[in-house]
file my_file-v1.cif (mmCIF, C-alpha atoms)
data_final
#
loop_
_atom_site.label_atom_id
_atom_site.label_comp_id
_atom_site.auth_asym_id
_atom_site.auth_seq_id
_atom_site.Cartn_x
_atom_site.Cartn_y
_atom_site.Cartn_z
CA MET A 1 0.00 0.00 0.00
CA THR A 2 2.80 2.42 0.93
CA GLN A 3 4.69 1.67 -2.33
CA PHE A 4 1.50 2.27 -4.30
CA LEU A 5 1.10 5.72 -2.72
CA GLN A 6 4.77 6.51 -3.36
CA HIS A 7 4.28 5.72 -7.06
CA LEU A 8 1.20 7.96 -7.14
CA PHE A 9 3.17 10.73 -5.44
CA LEU A 10 5.95 10.51 -8.07
CA PHE A 11 3.29 10.45 -10.80
CA ALA A 12 1.71 13.63 -9.42
CA LYS A 13 5.13 15.30 -9.20
CA GLU A 14 5.83 14.50 -12.85
CA ILE A 15 2.44 15.84 -13.93
CA ILE A 16 2.94 19.14 -12.07
CA THR A 17 6.55 19.53 -13.23
CA HIS A 18 5.62 19.12 -16.92
CA HIS A 19 2.11 20.61 -17.04
CA GLY A 20 2.14 23.23 -14.25
CA LEU A 21 -1.23 24.78 -13.43
CA THR A 22 -3.10 22.46 -15.80
CA GLY A 23 -1.69 19.43 -14.01
CA ILE A 24 -2.63 20.89 -10.61
CA PHE A 25 -6.19 21.51 -11.82
CA TRP A 26 -6.82 17.94 -12.99
CA LEU A 27 -5.07 16.27 -10.06
CA THR A 28 -6.99 18.40 -7.55
CA ALA A 29 -10.29 17.82 -9.35
CA MET A 30 -9.75 14.03 -9.27
CA GLU A 31 -8.78 14.17 -5.57
CA GLN A 32 -12.26 15.41 -4.72
CA PHE A 33 -13.89 12.16 -5.87
CA ILE A 34 -11.32 9.39 -6.52
CA PHE A 35 -7.56 10.20 -6.35
CA PRO A 36 -6.14 8.98 -2.99
CA ILE A 37 -3.44 11.66 -2.42
CA PRO A 38 -4.55 14.91 -0.66
CA ALA A 39 -4.70 17.98 -2.91
CA ASP A 40 -2.60 19.90 -0.35
CA ILE A 41 0.42 18.09 -1.78
CA PHE A 42 -0.34 19.31 -5.32
CA VAL A 43 -0.81 22.86 -4.04
CA THR A 44 2.49 22.83 -2.16
CA MET A 45 4.32 21.29 -5.12
CA GLY A 46 3.04 24.05 -7.36
CA THR A 47 4.11 27.02 -5.24
CA ALA A 48 7.33 25.26 -4.21
CA ASN A 49 8.20 25.00 -7.93
CA GLY A 50 7.75 28.74 -8.37
CA LEU A 51 4.19 28.95 -9.70
CA ALA A 52 2.48 32.20 -8.67
CA PHE A 53 0.61 31.97 -5.36
CA PRO A 54 -2.61 33.74 -6.59
CA LYS A 55 -2.76 31.61 -9.75
CA VAL A 56 -2.32 28.37 -7.81
CA MET A 57 -5.11 29.38 -5.41
CA MET A 58 -7.50 30.25 -8.26
CA VAL A 59 -6.76 26.99 -10.07
CA VAL A 60 -7.01 24.74 -7.02
CA LEU A 61 -10.28 26.27 -5.77
CA SER A 62 -11.80 26.02 -9.25
CA ALA A 63 -10.67 22.40 -9.41
CA ALA A 64 -12.09 21.67 -5.94
CA VAL A 65 -15.50 22.99 -7.01
CA PHE A 66 -15.37 21.14 -10.33
CA GLY A 67 -14.26 17.84 -8.78
CA SER A 68 -16.79 18.11 -5.95
CA ILE A 69 -19.61 18.52 -8.48
CA ILE A 70 -18.46 15.33 -10.23
CA GLY A 71 -18.29 13.45 -6.90
CA TYR A 72 -21.75 14.74 -5.93
CA ALA A 73 -23.19 13.65 -9.28
CA LEU A 74 -21.61 10.20 -9.01
CA GLY A 75 -23.08 9.79 -5.54
CA LYS A 76 -26.53 10.96 -6.59
CA TYR A 77 -26.92 9.07 -9.84
CA LEU A 78 -24.83 5.95 -9.12
CA GLY A 79 -24.43 5.72 -5.35
CA HIS A 80 -28.03 6.60 -4.42
CA PRO A 81 -29.65 3.69 -6.34
CA VAL A 82 -27.04 1.29 -4.95
CA ALA A 83 -27.66 2.55 -1.39
CA LEU A 84 -31.43 2.05 -1.84
CA TRP A 85 -30.83 -1.49 -3.07
CA LEU A 86 -28.39 -2.38 -0.27
CA PHE A 87 -29.98 -0.68 2.75
CA GLY A 88 -33.60 0.04 1.82
CA LYS A 89 -35.51 3.30 1.57
CA ARG A 90 -36.05 3.70 5.34
CA HIS A 91 -32.34 3.73 6.14
CA VAL A 92 -31.54 6.05 3.23
CA ASP A 93 -34.30 8.44 4.35
CA ASN A 94 -32.81 8.47 7.86
CA GLY A 95 -29.45 9.29 6.35
CA GLU A 96 -30.98 12.15 4.38
CA LYS A 97 -32.53 13.60 7.55
CA PHE A 98 -29.16 13.42 9.29
CA ILE A 99 -27.39 15.12 6.35
CA LYS A 100 -30.00 17.91 6.23
CA GLN A 101 -29.57 18.57 9.95
CA TRP A 102 -25.82 19.17 10.03
CA GLY A 103 -24.50 18.21 6.61
CA VAL A 104 -23.03 21.66 5.92
CA TRP A 105 -20.93 21.48 9.07
CA GLY A 106 -19.83 17.98 8.14
CA VAL A 107 -18.61 19.17 4.74
CA ILE A 108 -16.77 22.13 6.31
CA VAL A 109 -15.08 19.98 8.97
CA ALA A 110 -14.11 17.39 6.36
CA GLY A 111 -12.65 20.15 4.20
CA LEU A 112 -10.49 21.41 7.06
CA THR A 113 -9.25 18.00 8.24
CA PRO A 114 -7.29 15.11 6.70
CA MET A 115 -10.53 13.16 6.21
CA PRO A 116 -10.67 11.77 2.62
CA PHE A 117 -12.91 14.37 0.96
CA LYS A 118 -14.09 11.98 -1.75
CA LEU A 119 -16.13 10.18 0.93
CA VAL A 120 -17.95 13.45 1.62
CA THR A 121 -18.70 14.32 -2.00
CA TRP A 122 -20.12 10.86 -2.67
CA ALA A 123 -22.10 10.83 0.61
CA ALA A 124 -23.60 14.26 -0.15
CA GLY A 125 -24.87 12.94 -3.48
CA ILE A 126 -26.06 9.58 -2.12
CA PHE A 127 -28.19 11.27 0.56
CA GLU A 128 -29.21 14.11 -1.78
CA MET A 129 -27.91 16.98 0.30
CA PRO A 130 -29.17 20.34 -1.06
CA PHE A 131 -26.62 21.27 -3.73
CA SER A 132 -26.29 24.93 -2.69
CA LYS A 133 -25.48 23.95 0.91
CA PHE A 134 -23.01 21.35 -0.30
CA MET A 135 -21.11 23.88 -2.42
CA LEU A 136 -21.11 26.39 0.45
CA GLY A 137 -19.49 23.75 2.69
CA VAL A 138 -16.92 22.88 0.00
CA ILE A 139 -15.81 26.50 -0.46
CA VAL A 140 -15.75 27.44 3.24
CA GLY A 141 -13.93 24.26 4.24
CA ARG A 142 -11.36 24.21 1.46
CA ILE A 143 -10.24 27.87 1.25
CA PRO A 144 -8.39 28.05 4.65
CA ARG A 145 -6.71 24.68 4.12
CA TYR A 146 -5.44 25.47 0.63
CA LEU A 147 -4.33 28.96 1.65
CA ILE A 148 -2.08 27.48 4.33
CA THR A 149 -0.59 24.77 2.13
CA ALA A 150 -0.08 27.09 -0.84
CA TYR A 151 1.62 29.66 1.37
CA ALA A 152 3.83 26.96 2.89
CA GLY A 153 4.93 25.99 -0.62
CA LYS A 154 5.61 29.64 -1.43
CA LEU A 155 7.87 29.89 1.61
CA ILE A 156 9.69 26.73 0.54
CA TYR A 157 10.42 28.33 -2.84
CA GLU A 158 11.29 31.85 -1.68
CA THR A 159 12.92 31.39 1.72
CA LYS A 160 13.90 27.72 1.81
CA PHE A 161 11.24 26.96 4.41
CA TYR A 162 12.33 24.42 7.02
CA ALA A 163 10.70 23.03 10.14
CA THR A 164 12.63 25.46 12.38
CA THR A 165 10.99 28.56 10.87
CA ASP A 166 8.15 30.61 12.28
CA MET A 167 5.60 28.89 10.05
CA SER A 168 6.14 25.44 11.55
CA ALA A 169 5.83 26.82 15.09
CA LEU A 170 2.54 28.51 14.16
CA LEU A 171 1.23 25.34 12.53
CA LEU A 172 2.09 23.18 15.54
CA GLY A 173 0.66 25.72 17.97
CA THR A 174 -2.57 26.05 16.02
CA LEU A 175 -2.89 22.27 15.81
CA GLN A 176 -2.39 22.00 19.58
CA GLY A 177 -4.98 24.68 20.32
CA VAL A 178 -7.62 23.13 18.07
CA THR A 179 -7.09 19.52 19.12
CA GLU A 180 -6.56 20.13 22.85
CA PHE A 181 -10.27 20.73 23.40
CA LEU A 182 -11.80 18.93 20.44
CA PRO A 183 -11.79 15.32 21.71
CA ILE A 184 -9.39 13.98 19.07
CA SER A 185 -6.06 14.05 21.02
CA SER A 186 -3.72 17.02 20.77
CA SER A 187 -0.66 14.98 21.73
CA GLY A 188 -1.47 12.30 19.15
CA HIS A 189 -1.78 14.85 16.34
CA LEU A 190 1.41 16.61 17.47
CA VAL A 191 3.29 13.29 17.34
CA ILE A 192 2.04 12.73 13.77
CA LEU A 193 2.89 16.22 12.49
CA GLU A 194 6.26 16.35 14.26
CA HIS A 195 7.11 12.96 12.74
CA PHE A 196 6.43 14.05 9.17
CA MET A 197 7.98 17.53 9.58
CA HIS A 198 11.31 15.93 10.58
CA LEU A 199 11.95 18.60 13.19
CA PRO A 200 15.66 19.04 14.03
CA PHE A 201 15.08 18.47 17.74
CA SER A 202 15.62 15.52 20.03
CA PRO A 203 12.59 13.58 21.37
CA GLU A 204 13.26 15.16 24.79
CA GLU A 205 13.12 18.67 23.29
CA LEU A 206 9.84 17.87 21.54
CA VAL A 207 8.29 16.68 24.79
CA THR A 208 9.28 19.99 26.42
CA PHE A 209 8.01 21.97 23.43
CA ASP A 210 4.64 20.18 23.56
CA ILE A 211 4.26 21.15 27.23
CA PHE A 212 4.87 24.81 26.37
CA LEU A 213 2.19 24.55 23.68
CA HIS A 214 -0.14 23.29 26.40
CA ALA A 215 0.78 26.41 28.40
CA GLY A 216 -0.86 28.49 25.65
CA SER A 217 -3.99 26.41 26.09
CA LEU A 218 -3.78 26.88 29.86
CA ILE A 219 -3.91 30.67 29.49
CA ALA A 220 -6.98 30.28 27.26
CA ILE A 221 -8.70 28.15 29.92
CA ALA A 222 -7.86 30.73 32.59
CA ILE A 223 -9.39 33.56 30.56
CA TYR A 224 -12.46 31.74 29.24
CA PHE A 225 -13.45 30.35 32.65
CA TRP A 226 -12.28 33.26 34.80
CA LYS A 227 -15.48 33.23 36.87
CA GLU A 228 -15.03 29.56 37.78
CA TRP A 229 -11.37 30.12 38.70
CA LEU A 230 -12.38 33.07 40.87
CA THR A 231 -14.79 30.73 42.66
CA VAL A 232 -11.96 28.23 43.20
CA LEU A 233 -9.72 30.92 44.69
CA GLN A 234 -12.51 32.09 47.00
CA GLU A 235 -13.17 28.52 48.15
CA MET A 236 -9.48 27.91 48.78
CA TRP A 237 -9.19 31.11 50.81
CA SER A 238 -12.32 30.22 52.80
CA MET A 239 -10.98 26.75 53.65
CA ILE A 240 -7.51 28.03 54.58
CA SER A 241 -8.61 31.06 56.59
CA GLY A 242 -11.52 29.30 58.29
CA TRP A 243 -9.75 25.98 58.88
CA LYS A 244 -12.71 24.11 57.41
CA PHE A 245 -13.18 21.52 54.68
CA ILE A 246 -15.90 22.28 52.07
CA LYS A 247 -16.74 18.78 50.89
CA ASN A 248 -18.78 19.58 47.78
CA SER A 249 -16.75 22.57 46.60
CA LEU A 250 -15.45 22.86 43.04
CA THR A 251 -11.92 23.06 44.47
CA VAL A 252 -12.19 19.67 46.17
CA LYS A 253 -13.70 18.06 43.08
CA LEU A 254 -10.89 19.38 40.89
CA ALA A 255 -8.31 18.14 43.40
CA ILE A 256 -9.89 14.67 43.49
CA GLY A 257 -10.04 14.58 39.68
CA THR A 258 -6.38 15.61 39.36
CA PHE A 259 -4.90 13.20 41.93
CA PRO A 260 -4.97 9.99 39.77
CA ALA A 261 -3.21 11.73 36.87
CA VAL A 262 -0.48 13.06 39.17
CA ILE A 263 0.15 9.57 40.57
CA GLY A 264 0.15 8.09 37.07
CA ALA A 265 2.57 10.68 35.72
CA LEU A 266 5.01 10.20 38.62
CA ALA A 267 4.84 6.41 38.39
CA PHE A 268 4.80 5.83 34.64
CA GLY A 269 5.82 9.14 33.00
CA SER A 270 9.02 7.94 31.30
CA GLU A 271 7.46 4.67 30.10
CA ILE A 272 4.48 6.53 28.63
CA GLU A 273 6.39 9.23 26.76
CA GLY A 274 8.85 6.90 25.03
CA PRO A 275 7.43 3.86 23.20
CA LEU A 276 3.87 5.17 23.05
CA ARG A 277 4.83 8.17 20.87
CA SER A 278 5.24 5.90 17.81
CA LEU A 279 2.82 6.17 14.89
CA PRO A 280 1.39 2.62 15.24
CA ALA A 281 0.70 3.28 18.94
CA VAL A 282 -1.07 6.54 18.05
CA ALA A 283 -3.20 4.74 15.46
CA ILE A 284 -4.26 2.02 17.90
CA CYS A 285 -5.16 4.61 20.56
CA PHE A 286 -7.25 6.56 18.02
CA ILE A 287 -9.23 3.44 17.08
CA ALA A 288 -9.72 2.38 20.72
CA THR A 289 -10.95 5.87 21.62
CA SER A 290 -13.44 5.87 18.74
CA PHE A 291 -15.09 2.71 20.09
CA PHE A 292 -15.21 4.29 23.56
CA TYR A 293 -17.07 7.29 22.09
CA PHE A 294 -19.56 5.02 20.33
CA TYR A 295 -20.17 3.22 23.63
CA VAL A 296 -20.71 6.53 25.43
CA VAL A 297 -23.19 7.71 22.80
CA ARG A 298 -25.13 4.44 23.09
CA LYS A 299 -25.31 4.52 26.90
CA THR A 300 -25.97 8.21 27.60
CA HIS A 301 -29.10 9.20 25.72
CA HIS A 302 -30.81 10.57 28.83
CA ALA A 303 -27.97 12.14 30.83
CA LYS A 304 -29.58 15.07 32.69
CA THR A 305 -27.50 15.69 35.83
CA GLU A 306 -25.67 19.03 36.03
CA GLU A 307 -23.96 18.62 39.42
CA ILE A 308 -20.60 16.83 39.56
CA SER A 309 -20.57 14.52 42.59
CA LEU A 310 -17.45 13.39 44.44
CA LYS A 311 -17.92 9.89 43.00
CA SER A 312 -18.11 11.36 39.49
CA ALA A 313 -14.95 13.37 40.15
CA VAL A 314 -13.08 10.16 41.06
CA ILE A 315 -14.23 8.38 37.88
CA ILE A 316 -13.37 11.40 35.72
CA GLY A 317 -9.97 11.61 37.41
CA LEU A 318 -9.24 7.96 36.59
CA ALA A 319 -10.19 8.64 32.95
CA GLN A 320 -7.79 11.58 32.89
CA ALA A 321 -5.02 9.30 34.23
CA VAL A 322 -5.61 6.92 31.30
CA SER A 323 -5.27 9.86 28.91
CA LEU A 324 -1.63 10.30 29.96
CA VAL A 325 -0.99 7.96 27.04
CA PRO A 326 -0.06 10.46 24.26
CA ALA A 327 -2.82 9.61 21.75
CA ILE A 328 -5.71 9.12 24.19
CA PRO A 329 -7.71 12.39 24.09
CA ARG A 330 -7.77 13.93 27.57
CA SER A 331 -10.90 15.99 26.95
CA GLY A 332 -12.71 13.10 25.25
CA SER A 333 -11.83 10.62 28.00
CA THR A 334 -13.00 12.91 30.80
CA ILE A 335 -16.12 14.11 28.97
CA GLY A 336 -17.08 10.53 28.13
CA ALA A 337 -16.47 9.34 31.71
CA ALA A 338 -18.54 12.21 33.10
CA MET A 339 -21.40 11.43 30.73
CA LEU A 340 -21.36 7.77 31.80
CA THR A 341 -22.01 8.96 35.36
CA GLY A 342 -25.11 10.83 34.13
CA ILE A 343 -23.65 14.33 33.60
CA LYS A 344 -25.01 16.43 30.73
CA ARG A 345 -22.66 16.87 27.77
CA GLU A 346 -22.01 20.61 28.15
CA GLU A 347 -21.48 20.34 31.92
CA ALA A 348 -19.15 17.39 31.38
CA ALA A 349 -17.13 19.44 28.88
CA LYS A 350 -16.94 22.43 31.21
CA PHE A 351 -15.62 20.34 34.12
CA SER A 352 -13.23 18.56 31.73
CA PHE A 353 -11.71 21.87 30.63
CA LEU A 354 -11.30 23.08 34.22
CA LEU A 355 -9.71 19.78 35.18
CA GLY A 356 -7.44 20.03 32.15
CA GLY A 357 -6.34 23.47 33.31
CA VAL A 358 -5.14 22.04 36.62
CA ALA A 359 -3.36 19.15 34.86
CA ILE A 360 -1.63 21.46 32.37
CA LEU A 361 -0.58 23.81 35.19
CA ALA A 362 0.95 20.88 37.10
CA ALA A 363 2.78 19.70 33.96
CA ASN A 364 4.20 23.16 33.31
CA VAL A 365 5.37 23.60 36.91
CA TYR A 366 7.12 20.23 36.64
CA ASN A 367 8.54 21.31 33.28
CA LEU A 368 10.05 24.48 34.76
CA PHE A 369 11.84 22.45 37.43
CA SER A 370 13.06 20.04 34.74
CA ILE A 371 14.48 22.95 32.73
CA ARG A 372 16.32 24.19 35.79
CA ASN A 373 17.83 20.72 36.10
CA GLY A 374 19.05 20.76 32.51
CA ALA A 375 16.11 19.43 30.45
CA PRO A 376 16.58 20.44 26.76
CA VAL A 377 14.40 23.21 25.28
CA PRO A 378 14.00 24.18 21.58
CA GLU A 379 14.76 27.71 20.38
CA LEU A 380 13.01 30.40 22.45
CA GLU A 381 11.37 32.20 19.51
CA PHE A 382 10.11 28.90 18.08
CA THR A 383 8.65 27.91 21.47
CA LEU A 384 6.97 31.27 22.15
CA LEU A 385 5.39 31.44 18.69
CA GLY A 386 3.97 27.96 19.17
CA ALA A 387 2.55 28.80 22.59
CA GLY A 388 1.00 32.05 21.31
CA SER A 389 -0.77 30.40 18.38
CA ALA A 390 -1.94 27.60 20.70
CA PHE A 391 -3.54 30.22 22.97
CA ILE A 392 -5.54 31.83 20.15
CA ALA A 393 -6.67 28.52 18.66
CA SER A 394 -7.60 27.20 22.13
CA LEU A 395 -9.98 30.08 22.83
CA LEU A 396 -11.79 29.40 19.57
CA SER A 397 -12.01 25.62 20.01
CA ILE A 398 -13.32 25.89 23.61
CA HIS A 399 -16.15 28.13 22.45
CA LEU A 400 -17.03 25.99 19.44
CA LEU A 401 -17.01 22.66 21.30
CA LEU A 402 -19.26 23.94 24.10
CA LYS A 403 -21.77 25.11 21.50
CA PHE A 404 -21.48 21.86 19.54
CA LEU A 405 -22.10 19.61 22.55
CA LYS A 406 -25.36 21.37 23.38
CA LYS A 407 -26.96 19.67 20.37
CA HIS A 408 -24.61 16.90 19.28
CA THR A 409 -22.90 13.80 20.71
CA LEU A 410 -19.31 12.51 20.49
CA ALA A 411 -20.21 10.30 17.51
CA ALA A 412 -18.71 12.61 14.88
CA PHE A 413 -15.36 12.64 16.70
CA GLY A 414 -15.52 8.85 17.02
CA ILE A 415 -15.96 8.50 13.25
CA TYR A 416 -13.04 10.86 12.63
CA LEU A 417 -10.72 8.98 14.99
CA LEU A 418 -11.72 5.61 13.51
CA ILE A 419 -10.91 6.79 9.98
CA ALA A 420 -7.71 8.61 11.00
CA GLY A 421 -6.49 5.68 13.09
CA SER A 422 -7.21 3.13 10.35
CA LEU A 423 -5.40 5.20 7.70
CA LEU A 424 -2.45 5.84 10.01
CA LEU A 425 -2.19 2.18 10.96
CA THR A 426 -2.06 1.29 7.26
CA PHE A 427 0.50 3.91 6.19
CA ALA A 428 2.70 3.68 9.30
CA ARG A 429 3.75 0.12 8.53
#

call {"tool": "encode", "arguments": {"input": "my_file-v1.cif", "output": "structure tokens"}}
result
Amino acid sequence: MTQFLQHLFLFAKEIITHHGLTGIFWLTAMEQFIFPIPADIFVTMGTANGLAFPKVMMVVLSAAVFGSIIGYALGKYLGHPVALWLFGKRHVDNGEKFIKQWGVWGVIVAGLTPMPFKLVTWAAGIFEMPFSKFMLGVIVGRIPRYLITAYAGKLIYETKFYATTDMSALLLGTLQGVTEFLPISSSGHLVILEHFMHLPFSPEELVTFDIFLHAGSLIAIAIYFWKEWLTVLQEMWSMISGWKFIKNSLTVKLAIGTFPAVIGALAFGSEIEGPLRSLPAVAICFIATSFFYFYVVRKTHHAKTEEISLKSAVIIGLAQAVSLVPAIPRSGSTIGAAMLTGIKREEAAKFSFLLGGVAILAANVYNLFSIRNGAPVPELEFTLLGAGSAFIASLLSIHLLLKFLKKHTLAAFGIYLLIAGSLLLTFAR
């Protein structure tokens, strides 16, 4: 499978080298409905070979629209009859209702992520998604992604872009900020991107850099939930000054939820960070997490409780300890565990983020002591740029996930992790 993709990659390179913008157009158009290599590669090849940035963007967006129309038509006129024959009209009608409800968002998310877009174009046609909404999702989802990849290629051509430049720090920081709170594993995605970027740092330096990226997310948590943190400080002061223990306080619940992760990190930290940062390990963790999400969705249809009990805090804390494994999503594990105890989705997410703030703070304090004892750190400018971009992306992803969970379950993230893990497990061999 890997050799097959390598041959396709060389084929695409030859096409772009000899045919320029025309080659990019046809390769990108085919990627929308059949070609297995992401169009980002064609875009980067074009600008890296000196083709004008505006022209590449115009060509690739035109090709994305053209190819998506073909994929939609194939799904509607070929896939739809086959789906009716295989699954029956009732199941297809249910799929159409689902697509109408949040199909636009699905197309946008698929356009922004590594999800094979051809699956989306065919599915939109099979379930007869309104064409205007489908095209809106294609354009909104594809423009930011192609802008980034085309600009990266431009930097490669003009400034000999390498992984140590500002762009790579911004990309890693943005990835951390988005994936820290979306339940798809920030550490797992960082391991993947750092692996393919061939960063000129040691594994120990990358571990330290990842913790500083989490510091950017910590600042976002502190700002977004400032009222809750003020409550924690008031409770702490009340307990210290009054020499009394407030059993059901938010402070106590956060402490109980943090304790298992602290014990786990002290006992197994070195074993976790080494072997489990490999690509096959990340893939397996993604797939295992996806099945956990499906189980949570199945078991928590009627979760209505808003109050986190001490028992719930213990269970959530144990889930957070499990997420010390790099590719197990911390937010997803704790949100899922909270929901299994009967907590509503949005309340589970809120407590998960607060708990994550404590965990990230503890990791950064430990990191500072490690640096004082000689732990390696990447370049200062590289580290600060990554942390800053992580902060901005974190604020946005916190807000979006809280809104999403008011109406939707973890199923979409489970599907994403299942696909990403399966693809990674195949290509990592």

call {"tool": "atom_distance", "arguments": {"input": "my_file-v1.cif", "atom1": "atom CA of A:Ala12", "atom2": "atom CA of A:Ala73"}}
result
24.9 Å

call {"tool": "resolve_selection", "arguments": {"input": "my_file-v1.cif", "expression": "the PyMOL selection byres ((chain A and resi 259-263) around 10)", "output": "list of chain:residue names"}}
result
A:Leu254, A:Ala255, A:Ile256, A:Gly257, A:Thr258, A:Gly264, A:Ala265, A:Leu266, A:Ala267, A:Phe268, A:Gly269, A:Val314, A:Ile315, A:Ile316, A:Gly317, A:Leu318, A:Ala319, A:Gln320, A:Ala321, A:Val322, A:Ser323, A:Leu324, A:Ala359, A:Ala362, A:Ala363

call {"tool": "resolve_selection", "arguments": {"input": "my_file-v1.cif", "expression": "the PyMOL selection byres ((chain A and resi 27) around 12)", "output": "JSON list (two decimals) with C-alpha atoms, in the coordinates of the input"}}
result
[["chain", "number", "residue", "atom", "x", "y", "z"],
["A", 8, "LEU", "CA", 1.20, 7.96, -7.14],
["A", 9, "PHE", "CA", 3.17, 10.73, -5.44],
["A", 11, "PHE", "CA", 3.29, 10.45, -10.80],
["A", 12, "ALA", "CA", 1.71, 13.63, -9.42],
["A", 13, "LYS", "CA", 5.13, 15.30, -9.20],
["A", 14, "GLU", "CA", 5.83, 14.50, -12.85],
["A", 15, "ILE", "CA", 2.44, 15.84, -13.93],
["A", 16, "ILE", "CA", 2.94, 19.14, -12.07],
["A", 19, "HIS", "CA", 2.11, 20.61, -17.04],
["A", 20, "GLY", "CA", 2.14, 23.23, -14.25],
["A", 21, "LEU", "CA", -1.23, 24.78, -13.43],
["A", 22, "THR", "CA", -3.10, 22.46, -15.80],
["A", 23, "GLY", "CA", -1.69, 19.43, -14.01],
["A", 24, "ILE", "CA", -2.63, 20.89, -10.61],
["A", 25, "PHE", "CA", -6.19, 21.51, -11.82],
["A", 26, "TRP", "CA", -6.82, 17.94, -12.99],
["A", 28, "THR", "CA", -6.99, 18.40, -7.55],
["A", 29, "ALA", "CA", -10.29, 17.82, -9.35],
["A", 30, "MET", "CA", -9.75, 14.03, -9.27],
["A", 31, "GLU", "CA", -8.78, 14.17, -5.57],
["A", 32, "GLN", "CA", -12.26, 15.41, -4.72],
["A", 33, "PHE", "CA", -13.89, 12.16, -5.87],
["A", 34, "ILE", "CA", -11.32, 9.39, -6.52],
["A", 35, "PHE", "CA", -7.56, 10.20, -6.35],
["A", 36, "PRO", "CA", -6.14, 8.98, -2.99],
["A", 37, "ILE", "CA", -3.44, 11.66, -2.42],
["A", 38, "PRO", "CA", -4.55, 14.91, -0.66],
["A", 39, "ALA", "CA", -4.70, 17.98, -2.91],
["A", 40, "ASP", "CA", -2.60, 19.90, -0.35],
["A", 41, "ILE", "CA", 0.42, 18.09, -1.78],
["A", 42, "PHE", "CA", -0.34, 19.31, -5.32],
["A", 43, "VAL", "CA", -0.81, 22.86, -4.04],
["A", 45, "MET", "CA", 4.32, 21.29, -5.12],
["A", 46, "GLY", "CA", 3.04, 24.05, -7.36],
["A", 59, "VAL", "CA", -6.76, 26.99, -10.07],
["A", 60, "VAL", "CA", -7.01, 24.74, -7.02],
["A", 62, "SER", "CA", -11.80, 26.02, -9.25],
["A", 63, "ALA", "CA", -10.67, 22.40, -9.41],
["A", 64, "ALA", "CA", -12.09, 21.67, -5.94],
["A", 66, "PHE", "CA", -15.37, 21.14, -10.33],
["A", 67, "GLY", "CA", -14.26, 17.84, -8.78]]

call {"tool": "residues_around", "arguments": {"input": "my_file-v1.cif", "residues": "stretch 121-134 of chain A", "least_positions_apart": "5", "cutoff": "6 Å", "atoms": "all atoms listed in the file", "output": "list in words"}}
result
Ser68, Gly71, Tyr72, Gly75, Lys76, Gly79, His80 and Glu96 of chain A

call {"tool": "resolve_selection", "arguments": {"input": "my_file-v1.cif", "expression": "the PyMOL selection byres ((chain A and resi 378) around 6)", "output": "list in words"}}
result
Glu205, Val377 and Glu379 of chain A

call {"tool": "atom_distance", "arguments": {"input": "my_file-v1.cif", "atom1": "atom CA of A:Ile398", "atom2": "atom CA of A:Leu182"}}
result
7.8 Å

call {"tool": "closest_residue", "arguments": {"input": "my_file-v1.cif", "among": "A:Ile139, A:Ile328, A:Ala337, A:Ile343", "to": "A:Ala288", "atoms": "all atoms listed in the file"}}
result
A:Ile328

call {"tool": "closest_residue", "arguments": {"input": "my_file-v1.cif", "among": "A:Thr289, A:Thr208, A:Ser241, A:Thr47", "to": "A:Phe369", "atoms": "only C-alpha atoms"}}
result
A:Thr208

call {"tool": "residues_around", "arguments": {"input": "my_file-v1.cif", "residues": "A:Ile284", "least_positions_apart": "3", "cutoff": "9 Å", "atoms": "only C-alpha atoms", "output": "NGL selection string"}}
result
:A and (279-281 or 287-289 or 327 or 421-422 or 424-425)

call {"tool": "write_last_selection", "arguments": {"input": "my_file-v1.cif", "atoms": "C-alpha atoms", "output": "PDB file, in the coordinates of the input"}}
result
ATOM      1  CA  LEU A 279       2.820   6.170  14.890  1.00  0.00           C
ATOM      2  CA  PRO A 280       1.390   2.620  15.240  1.00  0.00           C
ATOM      3  CA  ALA A 281       0.700   3.280  18.940  1.00  0.00           C
ATOM      4  CA  ILE A 287      -9.230   3.440  17.080  1.00  0.00           C
ATOM      5  CA  ALA A 288      -9.720   2.380  20.720  1.00  0.00           C
ATOM      6  CA  THR A 289     -10.950   5.870  21.620  1.00  0.00           C
ATOM      7  CA  ALA A 327      -2.820   9.610  21.750  1.00  0.00           C
ATOM      8  CA  GLY A 421      -6.490   5.680  13.090  1.00  0.00           C
ATOM      9  CA  SER A 422      -7.210   3.130  10.350  1.00  0.00           C
ATOM     10  CA  LEU A 424      -2.450   5.840  10.010  1.00  0.00           C
ATOM     11  CA  LEU A 425      -2.190   2.180  10.960  1.00  0.00           C
TER      12      LEU A 425
END

call {"tool": "atom_distance", "arguments": {"input": "my_file-v1.cif", "atom1": "atom CA of A:Ala222", "atom2": "atom CA of A:Thr334"}}
result
18.6 Å

call {"tool": "residues_around", "arguments": {"input": "my_file-v1.cif", "residues": "A:Phe413", "least_positions_apart": "6", "cutoff": "8 Å", "atoms": "only C-alpha atoms", "output": "ChimeraX atom specification"}}
result
/A:183-184,290,293

call {"tool": "closest_residue", "arguments": {"input": "my_file-v1.cif", "among": "A:Ser312, A:Thr17, A:Ser168, A:Ser217", "to": "A:Ile335", "atoms": "only C-alpha atoms"}}
result
A:Ser312

call {"tool": "closest_residue", "arguments": {"input": "my_file-v1.cif", "among": "A:Leu147, A:Ile240, A:Met339, A:Cys285", "to": "A:Met57", "atoms": "only C-alpha atoms"}}
result
A:Leu147
